[in-house]
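Undergrad: You'll find work_12.cif just under this line, and it carries mmCIF, C-alpha atoms and all ligand atoms.
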```
data_query
loop_
_atom_site.group_PDB
_atom_site.id
_atom_site.type_symbol
_atom_site.label_atom_id
_atom_site.label_comp_id
_atom_site.auth_asym_id
_atom_site.auth_seq_id
_atom_site.Cartn_x
_atom_site.Cartn_y
_atom_site.Cartn_z
ATOM 1 C CA MET A 6 -25.192 8.789 12.269
ATOM 2 C CA SER A 7 -24.153 7.384 8.879
ATOM 3 C CA ARG A 8 -22.484 9.607 6.334
ATOM 4 C CA LYS A 9 -22.233 9.473 2.561
ATOM 5 C CA ILE A 10 -18.706 9.529 1.135
ATOM 6 C CA SER A 11 -17.391 9.777 -2.412
ATOM 7 C CA LEU A 12 -13.897 8.620 -3.213
ATOM 8 C CA THR A 13 -11.793 7.103 -5.960
ATOM 9 C CA VAL A 14 -10.402 3.622 -5.425
ATOM 10 C CA ASN A 15 -8.011 2.157 -7.989
ATOM 11 C CA GLY A 16 -9.217 4.691 -10.524
ATOM 12 C CA ALA A 17 -12.934 3.971 -10.067
ATOM 13 C CA ALA A 18 -15.353 6.455 -8.508
ATOM 14 C CA LEU A 19 -17.108 5.022 -5.479
ATOM 15 C CA GLU A 20 -19.921 6.257 -3.274
ATOM 16 C CA ALA A 21 -20.897 4.668 0.012
ATOM 17 C CA VAL A 22 -22.714 5.282 3.248
ATOM 18 C CA VAL A 23 -20.515 4.576 6.265
ATOM 19 C CA GLU A 24 -20.604 4.813 10.017
ATOM 20 C CA PRO A 25 -18.203 7.513 11.275
ATOM 21 C CA ARG A 26 -16.277 4.961 13.361
ATOM 22 C CA LEU A 27 -15.608 2.615 10.418
ATOM 23 C CA THR A 28 -11.886 2.404 9.688
ATOM 24 C CA LEU A 29 -10.670 2.845 6.145
ATOM 25 C CA VAL A 30 -9.245 -0.676 6.038
ATOM 26 C CA ASP A 31 -12.560 -2.180 7.138
ATOM 27 C CA PHE A 32 -14.359 -0.082 4.535
ATOM 28 C CA LEU A 33 -12.002 -1.215 1.776
ATOM 29 C CA ARG A 34 -12.290 -4.873 2.738
ATOM 30 C CA ASP A 35 -15.906 -5.181 3.827
ATOM 31 C CA GLN A 36 -17.754 -2.582 1.760
ATOM 32 C CA ALA A 37 -15.557 -2.119 -1.302
ATOM 33 C CA GLY A 38 -14.698 -5.838 -1.460
ATOM 34 C CA LEU A 39 -10.961 -5.183 -1.815
ATOM 35 C CA THR A 40 -9.631 -7.884 0.488
ATOM 36 C CA GLY A 41 -6.051 -7.604 -0.740
ATOM 37 C CA THR A 42 -5.443 -4.987 1.956
ATOM 38 C CA HIS A 43 -4.814 -6.951 5.133
ATOM 39 C CA VAL A 44 -5.448 -6.197 8.786
ATOM 40 C CA GLY A 45 -2.591 -7.040 11.117
ATOM 41 C CA CYS A 46 -1.923 -5.144 14.321
ATOM 42 C CA GLU A 47 -4.752 -2.600 13.928
ATOM 43 C CA HIS A 48 -2.718 0.114 15.608
ATOM 44 C CA GLY A 49 -0.345 1.413 12.973
ATOM 45 C CA VAL A 50 2.716 -0.726 13.597
ATOM 46 C CA CYS A 51 2.882 -3.559 11.042
ATOM 47 C CA GLY A 52 1.965 -1.821 7.771
ATOM 48 C CA ALA A 53 -0.086 -4.741 6.410
ATOM 49 C CA CYS A 54 -3.001 -2.344 5.852
ATOM 50 C CA SER A 55 -1.013 0.176 3.783
ATOM 51 C CA VAL A 56 -2.684 1.859 0.819
ATOM 52 C CA LEU A 57 -1.731 4.871 -1.268
ATOM 53 C CA PHE A 58 -3.747 7.899 -0.218
ATOM 54 C CA ASP A 59 -3.510 10.609 -2.851
ATOM 55 C CA GLY A 60 -0.348 8.848 -3.994
ATOM 56 C CA ALA A 61 1.409 8.492 -0.630
ATOM 57 C CA PRO A 62 1.462 5.377 1.557
ATOM 58 C CA ILE A 63 -0.674 5.495 4.713
ATOM 59 C CA ARG A 64 -1.818 2.885 7.214
ATOM 60 C CA SER A 65 -5.522 2.501 6.624
ATOM 61 C CA CYS A 66 -6.189 1.078 10.095
ATOM 62 C CA LEU A 67 -5.390 4.523 11.509
ATOM 63 C CA MET A 68 -7.921 6.395 9.384
ATOM 64 C CA PHE A 69 -11.665 6.485 9.324
ATOM 65 C CA ALA A 70 -13.436 5.936 6.018
ATOM 66 C CA VAL A 71 -15.100 9.353 6.366
ATOM 67 C CA GLN A 72 -11.633 10.954 6.247
ATOM 68 C CA ALA A 73 -11.176 9.483 2.761
ATOM 69 C CA ASP A 74 -14.133 11.447 1.406
ATOM 70 C CA GLY A 75 -12.987 13.263 -1.745
ATOM 71 C CA HIS A 76 -9.620 11.507 -1.922
ATOM 72 C CA ALA A 77 -8.032 8.870 -4.153
ATOM 73 C CA MET A 78 -6.868 5.500 -2.884
ATOM 74 C CA THR A 79 -4.768 2.793 -4.487
ATOM 75 C CA THR A 80 -4.873 -0.674 -2.953
ATOM 76 C CA VAL A 81 -2.725 -3.654 -3.889
ATOM 77 C CA GLU A 82 -5.404 -4.620 -6.420
ATOM 78 C CA GLY A 83 -4.682 -1.315 -8.157
ATOM 79 C CA LEU A 84 -1.104 -2.406 -8.847
ATOM 80 C CA ARG A 85 -2.298 -5.059 -11.309
ATOM 81 C CA ASP A 86 -1.905 -4.577 -15.021
ATOM 82 C CA GLU A 87 -5.003 -3.616 -16.976
ATOM 83 C CA ASP A 88 -5.488 -7.211 -18.135
ATOM 84 C CA GLY A 89 -5.599 -8.398 -14.506
ATOM 85 C CA SER A 90 -2.157 -9.994 -14.554
ATOM 86 C CA LEU A 91 0.521 -9.161 -12.016
ATOM 87 C CA GLY A 92 1.788 -5.607 -12.200
ATOM 88 C CA VAL A 93 5.482 -5.000 -12.611
ATOM 89 C CA LEU A 94 6.184 -4.661 -8.868
ATOM 90 C CA GLN A 95 4.076 -7.716 -8.033
ATOM 91 C CA ASP A 96 5.842 -9.684 -10.743
ATOM 92 C CA SER A 97 9.195 -8.537 -9.420
ATOM 93 C CA PHE A 98 8.302 -9.629 -5.871
ATOM 94 C CA TRP A 99 7.158 -13.004 -7.209
ATOM 95 C CA GLU A 100 10.279 -13.494 -9.313
ATOM 96 C CA THR A 101 12.652 -12.669 -6.464
ATOM 97 C CA HIS A 102 10.679 -14.460 -3.720
ATOM 98 C CA ALA A 103 10.363 -11.144 -1.882
ATOM 99 C CA LEU A 104 7.900 -12.396 0.700
ATOM 100 C CA GLN A 105 7.780 -14.628 3.741
ATOM 101 C CA CYS A 106 4.340 -15.907 4.710
ATOM 102 C CA GLY A 107 2.837 -13.323 2.355
ATOM 103 C CA TYR A 108 0.426 -11.778 4.836
ATOM 104 C CA CYS A 109 2.090 -8.358 4.838
ATOM 105 C CA THR A 110 3.139 -8.513 1.177
ATOM 106 C CA PRO A 111 0.302 -6.180 0.056
ATOM 107 C CA GLY A 112 1.629 -3.558 2.466
ATOM 108 C CA MET A 113 5.188 -4.107 1.273
ATOM 109 C CA LEU A 114 4.080 -3.707 -2.344
ATOM 110 C CA ILE A 115 2.271 -0.477 -1.518
ATOM 111 C CA ALA A 116 5.357 0.824 0.313
ATOM 112 C CA ALA A 117 7.544 -0.081 -2.684
ATOM 113 C CA GLU A 118 5.132 1.652 -5.056
ATOM 114 C CA GLY A 119 5.168 4.704 -2.779
ATOM 115 C CA CYS A 120 8.981 4.742 -2.818
ATOM 116 C CA CYS A 121 9.051 4.480 -6.609
ATOM 117 C CA ARG A 122 6.666 7.404 -6.884
ATOM 118 C CA ALA A 123 8.568 9.492 -4.317
ATOM 119 C CA ILE A 124 11.884 9.084 -6.076
ATOM 120 C CA GLN A 125 10.221 9.169 -9.509
ATOM 121 C CA ILE A 126 11.289 5.753 -10.706
ATOM 122 C CA ARG A 127 9.017 3.779 -12.964
ATOM 123 C CA PRO A 128 9.619 0.030 -12.602
ATOM 124 C CA MET A 129 9.997 -1.730 -15.917
ATOM 125 C CA ARG A 130 8.807 -5.044 -17.337
ATOM 126 C CA ARG A 131 10.817 -8.241 -17.236
ATOM 127 C CA SER A 132 12.168 -7.768 -20.753
ATOM 128 C CA ALA A 133 13.796 -4.509 -19.677
ATOM 129 C CA ARG A 134 14.569 -5.500 -16.094
ATOM 130 C CA ARG A 135 18.326 -5.377 -16.536
ATOM 131 C CA SER A 136 18.130 -1.683 -17.310
ATOM 132 C CA PRO A 137 20.047 0.775 -15.100
ATOM 133 C CA VAL A 138 16.715 2.355 -14.097
ATOM 134 C CA ILE A 139 15.408 -0.650 -12.187
ATOM 135 C CA SER A 140 18.890 -1.476 -10.905
ATOM 136 C CA ALA A 141 19.076 1.984 -9.394
ATOM 137 C CA ALA A 142 15.703 1.553 -7.709
ATOM 138 C CA VAL A 143 16.894 -1.102 -5.288
ATOM 139 C CA PRO A 144 19.650 0.866 -3.531
ATOM 140 C CA ALA A 145 17.503 4.000 -3.674
ATOM 141 C CA MET A 146 14.638 2.275 -1.867
ATOM 142 C CA PHE A 147 17.046 0.796 0.632
ATOM 143 C CA ARG A 148 18.440 4.248 1.365
ATOM 144 C CA LEU A 149 14.947 5.673 1.706
ATOM 145 C CA SER A 150 13.924 2.918 4.088
ATOM 146 C CA LYS A 151 16.990 3.618 6.249
ATOM 147 C CA ARG A 152 15.986 7.267 6.497
ATOM 148 C CA SER A 153 12.460 6.480 7.556
ATOM 149 C CA VAL A 154 13.423 4.168 10.418
ATOM 150 C CA SER A 155 12.902 5.912 13.709
ATOM 151 C CA PRO A 156 14.987 5.040 16.748
ATOM 152 C CA ARG A 157 13.572 2.258 18.876
ATOM 153 C CA PRO A 158 12.426 3.556 22.272
ATOM 154 C CA ALA A 159 14.554 2.549 25.258
ATOM 155 C CA GLY A 160 13.498 -0.738 26.778
ATOM 156 C CA VAL A 161 11.931 -2.116 23.594
ATOM 157 C CA SER A 162 13.645 -5.238 22.340
ATOM 158 C CA ASN A 163 14.310 -6.134 18.707
ATOM 159 C CA ARG A 164 12.041 -9.196 18.870
HETATM 160 S S1 LIG B 201 -2.968 -3.255 10.598
HETATM 161 FE FE1 LIG B 201 -0.925 -2.979 11.291
HETATM 162 S S2 LIG B 201 -0.448 -0.941 10.671
HETATM 163 FE FE2 LIG B 201 -2.547 -1.185 10.140
#
```
What does this structure look like when you write it as structure tokens?
Ligand code: FES
TA:
Amino acid sequence: MSRKISLTVNGAALEAVVEPRLTLVDFLRDQAGLTGTHVGCEHGVCGACSVLFDGAPIRSCLMFAVQADGHAMTTVEGLRDEDGSLGVLQDSFWETHALQCGYCTPGMLIAAEGCCRAIQIRPMRRSARRSPVISAAVPAMFRLSKRSVSPRPAGVSNR
């Protein structure tokens, strides 16, 4: 049985009718038209589907769209500047070649935005990039990422 949901995505109010089994990532891509959020492993391992859920990063392949009812989401499209140009984090990734094939880059950007919010750092524009604030963000994020790594289960290789 379909259900009506109301949520905020990238600052815009959205209403939709969804099937209860529809994942949040499929809703964002197929119904909301926000294809910047990618689908990789579909079981919570790769992070390509990450979005901010009420300000914190989550893997949207592990949630149903109905669970997002009443909540606020930010996708990679929401990191753009108001004029549609690259946001400061996106610009920083581009400038430093912080991507490989690019498929998981939206998830990496969302994780970086989540880290900045968690440690209350506001990335700055290119003209101010040499400031101590942005310089401090890099080691702080690295430290945070080290803390969030869980031990690899026995018998699982690094490949
Ligand atoms: S698609 Fe890999 S964690 Fe969601």
Undergrad: If you count all atoms listed in the file, which residues fall within 9 Å of segment 56-62 of chain A, apart from same-chain ones fewer than 2 positions away, as a PyMOL selection string?
TA: chain A and resi 30+42+54+64-65+73+76-81+111-112+115-116+118-120+122-123
Undergrad: Go ahead and compute the interatomic distance for atom CA of Asp31 of chain A and atom CA of Ser97 of chain A, in Å to one decimal.
TA: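 Taking atom CA of Asp31 of chain A and atom CA of Ser97 of chain A, their separation equals 28.1 Å.
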Undergrad: I need the residue set behind the PyMOL selection byres (((not hetatm)) within 7 of (chain B and resi 201)) for this file; please write it as a PyMOL selection string.
TA: chain A and resi 43-55+64-67
Undergrad: Can I get the selected residues back with C-alpha atoms, as a compact mmCIF listing (two decimals), keeping the file's coordinate frame?
TA:
```txt
# COMPACT_ATOMS: atom_id res chain seq x y z
CA HIS A 43 -4.81 -6.95 5.13
CA VAL A 44 -5.45 -6.20 8.79
CA GLY A 45 -2.59 -7.04 11.12
CA CYS A 46 -1.92 -5.14 14.32
CA GLU A 47 -4.75 -2.60 13.93
CA HIS A 48 -2.72 0.11 15.61
CA GLY A 49 -0.34 1.41 12.97
CA VAL A 50 2.72 -0.73 13.60
CA CYS A 51 2.88 -3.56 11.04
CA GLY A 52 1.96 -1.82 7.77
CA ALA A 53 -0.09 -4.74 6.41
CA CYS A 54 -3.00 -2.34 5.85
CA SER A 55 -1.01 0.18 3.78
CA ARG A 64 -1.82 2.88 7.21
CA SER A 65 -5.52 2.50 6.62
CA CYS A 66 -6.19 1.08 10.10
CA LEU A 67 -5.39 4.52 11.51
```
Undergrad: Once the PyMOL selection byres (((chain A and resi 13) around 8) and not hetatm) has been evaluated on this model, what residues remain selected, and can you format them as JSON, numbers by chain?
TA: {"A": [11, 12, 14, 15, 16, 17, 18, 19, 75, 76, 77, 78]}
Undergrad: Write the selection just made, keeping C-alpha atoms, as an mmCIF file, in the frame of the given file?
TA:
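result27.cif was written with the following content:
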```cif
data_model
loop_
_atom_site.group_PDB
_atom_site.id
_atom_site.type_symbol
_atom_site.label_atom_id
_atom_site.label_comp_id
_atom_site.auth_asym_id
_atom_site.auth_seq_id
_atom_site.Cartn_x
_atom_site.Cartn_y
_atom_site.Cartn_z
ATOM 1 C CA SER A 11 -17.391 9.777 -2.412
ATOM 2 C CA LEU A 12 -13.897 8.620 -3.213
ATOM 3 C CA VAL A 14 -10.402 3.622 -5.425
ATOM 4 C CA ASN A 15 -8.011 2.157 -7.989
ATOM 5 C CA GLY A 16 -9.217 4.691 -10.524
ATOM 6 C CA ALA A 17 -12.934 3.971 -10.067
ATOM 7 C CA ALA A 18 -15.353 6.455 -8.508
ATOM 8 C CA LEU A 19 -17.108 5.022 -5.479
ATOM 9 C CA GLY A 75 -12.987 13.263 -1.745
ATOM 10 C CA HIS A 76 -9.620 11.507 -1.922
ATOM 11 C CA ALA A 77 -8.032 8.870 -4.153
ATOM 12 C CA MET A 78 -6.868 5.500 -2.884
#
```
Undergrad: Could you state the separation of atom CA of Val22 of chain A and atom CA of Ile63 of chain A in Å, given to one decimal place?
TA: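 Interatomic distance here is 22.1 Å.
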Undergrad: Using Å and a single decimal, report how far atom CA of Gly38 of chain A sits from atom CA of Asp74 of chain A.
TA: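 Interatomic distance here is 17.5 Å.
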Undergrad: If I put a ball of radius 10 Å at (-26.6, 8.4, 12.3) in the file's coordinates, which residues poke into it when counting all atoms listed in the file, written as an mmCIF file with C-alpha atoms, in the coordinates of the input?
TA:
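Below you can see result_15.cif, which holds the result:
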```cif
data_model
loop_
_atom_site.group_PDB
_atom_site.id
_atom_site.type_symbol
_atom_site.label_atom_id
_atom_site.label_comp_id
_atom_site.auth_asym_id
_atom_site.auth_seq_id
_atom_site.Cartn_x
_atom_site.Cartn_y
_atom_site.Cartn_z
ATOM 1 C CA MET A 6 -25.192 8.789 12.269
ATOM 2 C CA SER A 7 -24.153 7.384 8.879
ATOM 3 C CA ARG A 8 -22.484 9.607 6.334
ATOM 4 C CA VAL A 23 -20.515 4.576 6.265
ATOM 5 C CA GLU A 24 -20.604 4.813 10.017
ATOM 6 C CA PRO A 25 -18.203 7.513 11.275
#
```
